[in-house]
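Peer 1: Enclosed is the structure file input01.pdb (PDB, C-alpha atoms).
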```pdb
ATOM      1  CA  MET A 140      -5.572  21.003  -0.337
ATOM      2  CA  SER A 141      -3.870  18.899  -3.011
ATOM      3  CA  ILE A 142      -2.313  15.488  -2.572
ATOM      4  CA  LEU A 143       1.290  15.933  -1.448
ATOM      5  CA  THR A 144       4.314  13.942  -2.540
ATOM      6  CA  GLY A 145       4.550  12.583   1.000
ATOM      7  CA  ASP A 146       1.037  11.138   0.686
ATOM      8  CA  LEU A 147       2.201   8.691  -1.998
ATOM      9  CA  ILE A 148       4.221   5.984  -0.258
ATOM     10  CA  ALA A 149       5.899   2.822  -1.529
ATOM     11  CA  TYR A 150       5.363  -0.176   0.754
ATOM     12  CA  GLY A 151       6.433  -3.783   0.540
ATOM     13  CA  ALA A 152       4.358  -6.898   0.019
ATOM     14  CA  LEU A 153       3.784  -9.408   2.804
ATOM     15  CA  ASN A 154       5.718 -12.145   0.984
ATOM     16  CA  ARG A 155       9.296 -10.953   0.491
ATOM     17  CA  PRO A 156      11.299 -14.078  -0.389
ATOM     18  CA  LEU A 157      14.930 -14.614   0.517
ATOM     19  CA  ASP A 158      15.229 -17.534  -1.926
ATOM     20  CA  ASP A 159      13.812 -18.819  -5.215
ATOM     21  CA  VAL A 160      11.301 -21.291  -3.744
ATOM     22  CA  SER A 161       9.135 -19.197  -1.382
ATOM     23  CA  LEU A 162       5.976 -17.278  -2.292
ATOM     24  CA  SER A 163       6.462 -13.794  -3.712
ATOM     25  CA  GLY A 164       3.825 -11.063  -3.473
ATOM     26  CA  ASN A 165       0.544 -11.215  -1.527
ATOM     27  CA  SER A 166      -1.112  -8.073  -0.088
ATOM     28  CA  ILE A 167       0.410  -4.806   1.100
ATOM     29  CA  ASP A 168       2.578  -4.607   4.236
ATOM     30  CA  ILE A 169       2.147  -1.077   5.582
ATOM     31  CA  GLN A 170       4.839  -1.604   8.247
ATOM     32  CA  ASN A 171       7.787  -2.131   5.891
ATOM     33  CA  ARG A 172       9.073  -0.026   2.997
ATOM     34  CA  PRO A 173      11.473  -0.895   0.187
ATOM     35  CA  VAL A 174      14.490   1.410   0.297
ATOM     36  CA  PHE A 175      16.649   2.128  -2.718
ATOM     37  CA  THR A 176      19.713   3.711  -1.075
ATOM     38  CA  GLN A 177      22.841   1.749  -0.227
ATOM     39  CA  LEU A 178      26.121   2.455   1.544
ATOM     40  CA  LEU A 179      28.752   4.153  -0.595
ATOM     41  CA  ALA A 180      31.576   2.498   1.366
ATOM     42  CA  ASN A 181      32.024  -0.142   4.050
ATOM     43  CA  SER A 182      30.700   1.400   7.236
ATOM     44  CA  THR A 183      29.382   0.991  10.725
ATOM     45  CA  LEU A 184      25.926   2.443  11.343
ATOM     46  CA  VAL A 185      24.408   5.032  13.655
ATOM     47  CA  TYR A 186      20.844   4.725  14.956
ATOM     48  CA  THR A 187      18.820   7.688  16.250
ATOM     49  CA  SER A 188      15.212   8.126  17.319
ATOM     50  CA  ASN A 189      13.446  11.484  17.534
ATOM     51  CA  ALA A 190      11.985  10.869  21.008
ATOM     52  CA  ALA A 191      12.254   8.627  24.036
ATOM     53  CA  ASP A 192      12.754   5.175  22.609
ATOM     54  CA  ALA A 193      14.276   1.952  23.967
ATOM     55  CA  ARG A 194      13.162  -0.467  21.249
ATOM     56  CA  VAL A 195      15.671  -2.919  19.811
ATOM     57  CA  ILE A 196      16.750  -2.357  16.232
ATOM     58  CA  THR A 197      18.129  -5.303  14.260
ATOM     59  CA  VAL A 198      20.055  -4.907  11.017
ATOM     60  CA  SER A 199      21.202  -7.628   8.650
ATOM     61  CA  GLY A 200      23.519  -7.096   5.722
ATOM     62  CA  ARG A 201      26.741  -8.279   4.124
ATOM     63  CA  ASN A 202      30.290  -7.551   5.145
ATOM     64  CA  ALA A 203      33.201  -6.881   2.780
ATOM     65  CA  ALA A 204      33.682 -10.618   2.250
ATOM     66  CA  GLY A 205      30.061 -11.060   1.192
ATOM     67  CA  VAL A 206      29.080 -12.915   4.363
ATOM     68  CA  ILE A 207      25.668 -12.129   5.865
ATOM     69  CA  VAL A 208      26.141 -10.450   9.252
ATOM     70  CA  ALA A 209      23.810  -8.756  11.734
ATOM     71  CA  GLU A 210      23.666  -6.650  14.864
ATOM     72  CA  SER A 211      20.945  -5.768  17.376
ATOM     73  CA  LEU A 212      21.082  -2.704  19.609
ATOM     74  CA  ALA A 213      18.744  -0.894  21.968
ATOM     75  CA  LEU A 214      17.871   2.639  20.926
ATOM     76  CA  ASN A 215      18.558   5.515  23.308
ATOM     77  CA  GLY A 216      15.973   8.052  22.224
ATOM     78  CA  ALA A 217      17.470  11.094  20.482
ATOM     79  CA  THR A 218      20.994  10.133  21.574
ATOM     80  CA  PRO A 219      22.749   8.441  18.631
ATOM     81  CA  VAL A 220      23.704   4.814  19.187
ATOM     82  CA  SER A 221      26.736   3.644  17.218
ATOM     83  CA  GLY A 222      26.958   0.096  15.959
ATOM     84  CA  ALA A 223      30.157  -1.950  15.801
ATOM     85  CA  GLN A 224      29.431  -4.185  12.824
ATOM     86  CA  VAL A 225      30.971  -3.047   9.535
ATOM     87  CA  PHE A 226      28.528  -3.479   6.664
ATOM     88  CA  GLU A 227      29.223  -3.456   2.934
ATOM     89  CA  ARG A 228      25.485  -3.331   2.192
ATOM     90  CA  ILE A 229      22.237  -3.369   4.148
ATOM     91  CA  LEU A 230      19.566  -5.993   3.575
ATOM     92  CA  VAL A 231      16.918  -5.593   6.287
ATOM     93  CA  VAL A 232      16.317  -3.120   9.119
ATOM     94  CA  SER A 233      13.684  -4.124  11.663
ATOM     95  CA  LEU A 234      12.422  -2.753  14.977
ATOM     96  CA  SER A 235      11.200  -4.962  17.803
ATOM     97  CA  ALA A 236       7.836  -3.150  17.818
ATOM     98  CA  SER A 237       6.067  -0.315  16.050
ATOM     99  CA  GLY A 238       5.888   3.035  17.839
ATOM    100  CA  THR A 239       5.156   6.715  17.387
ATOM    101  CA  GLN A 240       8.822   7.661  16.949
ATOM    102  CA  LEU A 241      10.834   8.283  13.770
ATOM    103  CA  VAL A 242      14.072   6.272  13.649
ATOM    104  CA  THR A 243      16.949   7.220  11.343
ATOM    105  CA  VAL A 244      19.747   4.897  10.228
ATOM    106  CA  GLY A 245      22.910   6.548   8.906
ATOM    107  CA  GLY A 246      26.208   5.342   7.513
ATOM    108  CA  SER A 247      29.450   6.499   5.940
ATOM    109  CA  GLY A 248      28.777   8.747   2.950
ATOM    110  CA  VAL A 249      25.036   8.451   3.485
ATOM    111  CA  GLY A 250      23.745  10.740   6.204
ATOM    112  CA  ASN A 251      20.293   9.186   5.984
ATOM    113  CA  LEU A 252      20.454   5.634   4.710
ATOM    114  CA  GLY A 253      16.826   5.020   5.635
ATOM    115  CA  GLN A 254      14.141   5.789   8.169
ATOM    116  CA  VAL A 255      11.548   3.772  10.053
ATOM    117  CA  PHE A 256       8.455   5.917  10.224
ATOM    118  CA  PRO A 257       5.888   6.124  13.041
ATOM    119  CA  ASN A 258       3.659   3.057  13.301
ATOM    120  CA  GLU A 259       5.993   1.048  11.060
ATOM    121  CA  ARG A 260       8.568  -1.658  11.735
ATOM    122  CA  GLY A 261      11.368  -1.318   9.187
ATOM    123  CA  PHE A 262      12.739  -1.174   5.669
ATOM    124  CA  TYR A 263      14.525  -3.569   3.340
ATOM    125  CA  CYS A 264      16.226  -3.950  -0.027
ATOM    126  CA  MET A 265      14.779  -6.094  -2.788
ATOM    127  CA  PHE A 266      16.053  -9.303  -4.387
ATOM    128  CA  ILE A 267      18.048 -10.454  -1.376
ATOM    129  CA  ASN A 268      20.262 -13.459  -2.216
ATOM    130  CA  ALA A 269      19.464 -13.090  -5.928
ATOM    131  CA  ALA A 270      22.477 -14.575  -7.691
ATOM    132  CA  SER A 271      23.121 -15.109 -11.384
ATOM    133  CA  GLN A 272      22.962 -18.620 -12.807
ATOM    134  CA  ALA A 273      24.454 -20.516 -15.750
ATOM    135  CA  SER A 274      21.648 -19.131 -17.925
ATOM    136  CA  PRO A 275      19.805 -15.771 -17.870
ATOM    137  CA  THR A 276      17.554 -15.504 -14.801
ATOM    138  CA  ASN A 277      14.515 -13.278 -14.260
ATOM    139  CA  ARG A 278      13.017 -12.759 -10.808
ATOM    140  CA  PHE A 279       9.832 -10.990  -9.716
ATOM    141  CA  GLU A 280       9.040  -9.196  -6.471
ATOM    142  CA  LYS A 281       6.180  -6.862  -5.646
ATOM    143  CA  ILE A 282       5.836  -3.437  -4.089
ATOM    144  CA  TYR A 283       2.810  -1.203  -3.629
ATOM    145  CA  TRP A 284       2.273   2.485  -4.272
ATOM    146  CA  LYS A 285      -0.340   3.702  -1.784
ATOM    147  CA  ASN A 286      -2.301   6.958  -1.700
ATOM    148  CA  THR A 287      -2.359   7.696   2.034
ATOM    149  CA  ASN A 288      -4.275  10.962   1.710
ATOM    150  CA  ALA A 289      -7.342  10.860   3.931
ATOM    151  CA  SER A 290      -9.858  12.057   1.350
ATOM    152  CA  LEU A 291      -8.464  12.926  -2.090
ATOM    153  CA  THR A 292      -8.192  10.732  -5.179
ATOM    154  CA  LEU A 293      -5.047  10.744  -7.294
ATOM    155  CA  ASN A 294      -6.342  11.209 -10.838
ATOM    156  CA  SER A 295      -4.554  10.529 -14.150
ATOM    157  CA  ALA A 296      -2.384   8.196 -12.106
ATOM    158  CA  GLN A 297       0.699   6.654 -13.694
ATOM    159  CA  VAL A 298       3.631   4.582 -12.424
ATOM    160  CA  THR A 299       7.053   5.002 -14.060
ATOM    161  CA  LEU A 300      10.458   3.407 -13.676
ATOM    162  CA  THR A 301      12.428   6.646 -13.478
ATOM    163  CA  ALA A 302      15.978   5.304 -13.128
ATOM    164  CA  ASP A 303      17.790   1.991 -13.638
ATOM    165  CA  PRO A 304      21.522   2.676 -13.974
ATOM    166  CA  SER A 305      22.446  -1.016 -14.252
ATOM    167  CA  SER A 306      19.768  -1.828 -16.868
ATOM    168  CA  LYS A 307      18.530  -4.823 -14.862
ATOM    169  CA  ILE A 308      14.967  -3.742 -14.000
ATOM    170  CA  THR A 309      11.564  -3.514 -15.659
ATOM    171  CA  ILE A 310       8.217  -2.927 -13.923
ATOM    172  CA  GLY A 311       4.584  -3.857 -14.502
ATOM    173  CA  LEU A 312       1.259  -3.033 -12.858
ATOM    174  CA  GLU A 313      -1.460  -5.364 -11.672
ATOM    175  CA  THR A 314      -4.762  -4.958 -13.510
ATOM    176  CA  VAL A 315      -6.842  -4.005 -10.454
ATOM    177  CA  LEU A 316      -6.311  -1.810  -7.409
ATOM    178  CA  ASN A 317      -5.692  -3.289  -3.950
ATOM    179  CA  ASP A 318      -4.441  -6.528  -5.454
ATOM    180  CA  ALA A 319      -3.317  -9.396  -3.198
ATOM    181  CA  THR A 320      -1.973 -12.033  -5.595
ATOM    182  CA  SER A 321       1.237 -13.998  -5.167
ATOM    183  CA  VAL A 322       3.358 -16.094  -7.494
ATOM    184  CA  ALA A 323       4.642 -19.520  -6.469
ATOM    185  CA  ASN A 324       8.191 -18.183  -6.204
ATOM    186  CA  ARG A 325      10.118 -15.199  -7.501
ATOM    187  CA  LEU A 326      11.118 -17.091 -10.671
ATOM    188  CA  ALA A 327       7.435 -17.362 -11.675
ATOM    189  CA  VAL A 328       6.077 -14.720 -14.067
ATOM    190  CA  PRO A 329       3.023 -12.803 -12.727
ATOM    191  CA  ALA A 330       0.058 -13.474 -14.997
ATOM    192  CA  GLY A 331      -1.383 -10.647 -17.069
ATOM    193  CA  VAL A 332       1.342  -8.124 -16.183
ATOM    194  CA  ALA A 333       3.060  -6.132 -18.950
ATOM    195  CA  PHE A 334       6.615  -5.063 -18.112
ATOM    196  CA  VAL A 335       8.232  -1.840 -19.352
ATOM    197  CA  GLY A 336      11.565  -0.099 -18.960
ATOM    198  CA  VAL A 337      12.827   3.324 -17.932
ATOM    199  CA  GLY A 338      10.704   6.329 -18.778
ATOM    200  CA  VAL A 339       7.575   4.463 -19.885
ATOM    201  CA  ALA A 340       4.570   5.686 -17.873
ATOM    202  CA  GLN A 341       1.979   2.983 -17.197
ATOM    203  CA  ASN A 342      -1.613   4.016 -16.529
ATOM    204  CA  VAL A 343      -3.057   2.785 -13.259
ATOM    205  CA  PRO A 344      -6.263   0.741 -13.726
ATOM    206  CA  THR A 345      -9.259   3.153 -13.824
ATOM    207  CA  ASN A 346      -6.591   5.930 -14.115
ATOM    208  CA  ALA A 347      -7.103   6.800 -10.446
ATOM    209  CA  VAL A 348      -5.956   5.790  -6.965
ATOM    210  CA  PRO A 349      -8.649   6.734  -4.421
ATOM    211  CA  ALA A 350      -7.756   7.783  -0.889
ATOM    212  CA  GLY A 351      -6.472   4.797   1.051
ATOM    213  CA  SER A 352      -6.022   2.609  -2.030
ATOM    214  CA  GLU A 353      -2.895   1.178  -3.607
ATOM    215  CA  ILE A 354      -1.606  -0.159  -6.903
ATOM    216  CA  ALA A 355       0.574  -3.261  -6.891
ATOM    217  CA  THR A 356       3.762  -2.929  -8.934
ATOM    218  CA  TRP A 357       5.785  -5.982  -9.912
ATOM    219  CA  ILE A 358       9.528  -5.462 -10.213
ATOM    220  CA  GLU A 359      11.379  -7.721 -12.658
ATOM    221  CA  GLN A 360      15.112  -8.211 -12.165
ATOM    222  CA  SER A 361      16.932  -9.643 -15.200
ATOM    223  CA  LEU A 362      20.411 -11.094 -14.700
ATOM    224  CA  LEU A 363      22.646 -12.352 -17.493
ATOM    225  CA  ALA A 364      24.239 -15.790 -17.428
ATOM    226  CA  ASN A 365      27.081 -15.725 -14.894
ATOM    227  CA  ASP A 366      26.483 -12.007 -14.425
ATOM    228  CA  ALA A 367      29.047  -9.980 -12.508
ATOM    229  CA  PRO A 368      28.192  -9.041  -8.886
ATOM    230  CA  LEU A 369      26.771  -5.556  -8.523
ATOM    231  CA  LYS A 370      25.392  -3.189  -5.919
ATOM    232  CA  SER A 371      22.980  -0.890  -7.641
ATOM    233  CA  THR A 372      19.612   0.786  -7.284
ATOM    234  CA  PHE A 373      16.517   1.801  -9.214
ATOM    235  CA  THR A 374      13.640   4.194  -8.606
ATOM    236  CA  THR A 375       9.949   4.197  -9.426
ATOM    237  CA  GLN A 376       7.406   6.996  -9.261
ATOM    238  CA  LEU A 377       3.668   7.315  -8.820
ATOM    239  CA  ALA A 378       2.359  10.593 -10.220
ATOM    240  CA  GLY A 379      -0.969  12.172 -11.061
ATOM    241  CA  THR A 380      -3.260  15.094 -10.383
ATOM    242  CA  SER A 381      -5.606  16.114  -7.596
ATOM    243  CA  VAL A 382      -7.902  19.000  -6.765
TER     244      VAL A 382
END
```
As structure tokens - that is how I would like this structure written.

Peer 2:
Amino acid sequence: MSILTGDLIAYGALNRPLDDVSLSGNSIDIQNRPVFTQLLANSTLVYTSNAADARVITVSGRNAAGVIVAESLALNGATPVSGAQVFERILVVSLSASGTQLVTVGGSGVGNLGQVFPNERGFYCMFINAASQASPTNRFEKIYWKNTNASLTLNSAQVTLTADPSSKITIGLETVLNDATSVANRLAVPAGVAFVGVGVAQNVPTNAVPAGSEIATWIEQSLLANDAPLKSTFTTQLAGTSV
């Protein structure tokens, strides 16, 4: 059997700063995934599990005025639970505990905004509270592409930034697999990392990601001086071959 698309999963790093002074990076966090979908319009949310489930789900985001708001609700298994808070965008979704259930979060215009998978705790967007400054500002946060297949190696492995509609993002790979480095803050440039733009495939070190291994990918966000506010997205891809 070949490696499936679903075997290659993007996870977050343990250090996910909410400011420009905290550590950024560290090792992989297999309980939280970066999610690249946002609400298309201001909306309340609906939360649904696929089995008996009474965990508390907490969501933080911004309202139409740009203020950070949050709500916490208890799940009711497969019965949808509707929230009351109107969100303009979602920042972090977190469950009170991991479990064997699959939890889906939906909103207006987005039937499936994101999911919390079995044995995981949540998902989040990147570069929270990243505002433009009086001069151009570059920030760096880390994600991981992991080969979760139980036995097969992903050969000829490459990571590509496949879409960046706002032209704000470049990406770069660490030089070794299973990396656990951090930078002092998200304004600090990761050492030894070469950043590239859309459509440029970067070879993974050793050109392979063995079963259970991951490649750290630094994401660089570049904002212009006094840049206009935006709500955008980008996508990356890990691809290769297997037997």

Peer 1: Tell me which of A:Thr239, A:Ser381, A:Thr309, A:Ser141 sits closest to Glu359 (chain A), counting all atoms listed in the file.

Peer 2: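 That would be A:Thr309, the residue with the smallest distance to Glu359 (chain A).
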
Peer 1: Evaluated on this file, the PyMOL selection byres ((chain A and resi 343) around 12) picks out some residues - which ones are they, written as a ChimeraX atom specification?

Peer 2: /A:283-285,293-299,311-317,340-342,344-349,352-356,376-379

Peer 1: Measuring between only C-alpha atoms, which one of A:Val328, A:Met265, A:Ala350, A:Val382 shows the shortest distance to Leu157 (chain A)?

Peer 2: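 With only C-alpha atoms as the atom set, the closest residue is A:Met265.
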
Peer 1: Give as a list in words every residue, naming chains and numbers as the document does, that has an atom within 6 Å of (0.6, -11.6, 0.7), counting all atoms listed in the file.

Peer 2: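 Within the cut-off we find Leu153, Asn154, Gly164, Asn165, Ser166 and Ala319 of chain A.
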
Peer 1: Using all atoms listed in the file for the distances, tell me which of A:Val231, A:Ala302, A:Ala223, A:Ala180 is nearest to Lys370 (chain A).

Peer 2: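 Distance minimum relative to Lys370 (chain A) lands on A:Ala180.
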
Peer 1: Quote the spacing between CA of Gly216 (chain A) and CA of Leu241 (chain A) in Å to one decimal place.

Peer 2: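 Taking CA of Gly216 (chain A) as the start and CA of Leu241 (chain A) as the end point, the length is 9.9 Å.
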
Peer 1: Give me the residues near Asn251 (chain A) as a ChimeraX atom specification, where near means some atom within 12 Å (using all atoms listed in the file) and where sequence neighbours in that chain fewer than 3 positions away do not count.

Peer 2: /A:174-179,184-187,242-248,254-255

Peer 1: Which is closest to Ser182 (chain A) among A:Ser233, A:Asn202, A:Ser274, A:Ser163, if we use only C-alpha atoms?

Peer 2: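 The closest residue to Ser182 (chain A) is A:Asn202.
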
Peer 1: For region 352-366 of chain A, supply N, CA and C atoms and format the output as a PDB file, in the frame of the given file.

Peer 2:
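And here's part_12.pdb as it stands now:
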```pdb
ATOM      1  N   SER A 352      -6.203   3.747  -1.130  1.00  0.00           N
ATOM      2  CA  SER A 352      -6.022   2.609  -2.030  1.00  0.00           C
ATOM      3  C   SER A 352      -4.581   2.517  -2.497  1.00  0.00           C
ATOM      4  N   GLU A 353      -4.256   1.377  -3.135  1.00  0.00           N
ATOM      5  CA  GLU A 353      -2.895   1.178  -3.607  1.00  0.00           C
ATOM      6  C   GLU A 353      -2.894   0.412  -4.925  1.00  0.00           C
ATOM      7  N   ILE A 354      -1.812   0.593  -5.666  1.00  0.00           N
ATOM      8  CA  ILE A 354      -1.606  -0.159  -6.903  1.00  0.00           C
ATOM      9  C   ILE A 354      -0.368  -1.038  -6.744  1.00  0.00           C
ATOM     10  N   ALA A 355      -0.539  -2.314  -6.994  1.00  0.00           N
ATOM     11  CA  ALA A 355       0.574  -3.261  -6.891  1.00  0.00           C
ATOM     12  C   ALA A 355       1.468  -3.131  -8.115  1.00  0.00           C
ATOM     13  N   THR A 356       2.770  -3.083  -7.874  1.00  0.00           N
ATOM     14  CA  THR A 356       3.762  -2.929  -8.934  1.00  0.00           C
ATOM     15  C   THR A 356       4.756  -4.080  -8.833  1.00  0.00           C
ATOM     16  N   TRP A 357       4.813  -4.898  -9.877  1.00  0.00           N
ATOM     17  CA  TRP A 357       5.785  -5.982  -9.912  1.00  0.00           C
ATOM     18  C   TRP A 357       7.107  -5.458 -10.452  1.00  0.00           C
ATOM     19  N   ILE A 358       8.186  -5.827  -9.794  1.00  0.00           N
ATOM     20  CA  ILE A 358       9.528  -5.462 -10.213  1.00  0.00           C
ATOM     21  C   ILE A 358      10.194  -6.707 -10.786  1.00  0.00           C
ATOM     22  N   GLU A 359      10.668  -6.611 -12.028  1.00  0.00           N
ATOM     23  CA  GLU A 359      11.379  -7.721 -12.658  1.00  0.00           C
ATOM     24  C   GLU A 359      12.876  -7.413 -12.695  1.00  0.00           C
ATOM     25  N   GLN A 360      13.661  -8.306 -12.115  1.00  0.00           N
ATOM     26  CA  GLN A 360      15.112  -8.211 -12.165  1.00  0.00           C
ATOM     27  C   GLN A 360      15.624  -9.225 -13.185  1.00  0.00           C
ATOM     28  N   SER A 361      16.413  -8.772 -14.148  1.00  0.00           N
ATOM     29  CA  SER A 361      16.932  -9.643 -15.200  1.00  0.00           C
ATOM     30  C   SER A 361      18.448  -9.705 -15.111  1.00  0.00           C
ATOM     31  N   LEU A 362      18.968 -10.885 -14.785  1.00  0.00           N
ATOM     32  CA  LEU A 362      20.411 -11.094 -14.700  1.00  0.00           C
ATOM     33  C   LEU A 362      20.885 -11.929 -15.880  1.00  0.00           C
ATOM     34  N   LEU A 363      22.044 -11.583 -16.420  1.00  0.00           N
ATOM     35  CA  LEU A 363      22.646 -12.352 -17.493  1.00  0.00           C
ATOM     36  C   LEU A 363      23.236 -13.646 -16.950  1.00  0.00           C
ATOM     37  N   ALA A 364      23.554 -14.563 -17.845  1.00  0.00           N
ATOM     38  CA  ALA A 364      24.239 -15.790 -17.428  1.00  0.00           C
ATOM     39  C   ALA A 364      25.581 -15.430 -16.793  1.00  0.00           C
ATOM     40  N   ASN A 365      25.826 -15.978 -15.616  1.00  0.00           N
ATOM     41  CA  ASN A 365      27.081 -15.725 -14.894  1.00  0.00           C
ATOM     42  C   ASN A 365      27.382 -14.229 -14.805  1.00  0.00           C
ATOM     43  N   ASP A 366      26.366 -13.458 -14.489  1.00  0.00           N
ATOM     44  CA  ASP A 366      26.483 -12.007 -14.425  1.00  0.00           C
ATOM     45  C   ASP A 366      27.444 -11.597 -13.308  1.00  0.00           C
TER      46      ASP A 366
END
```
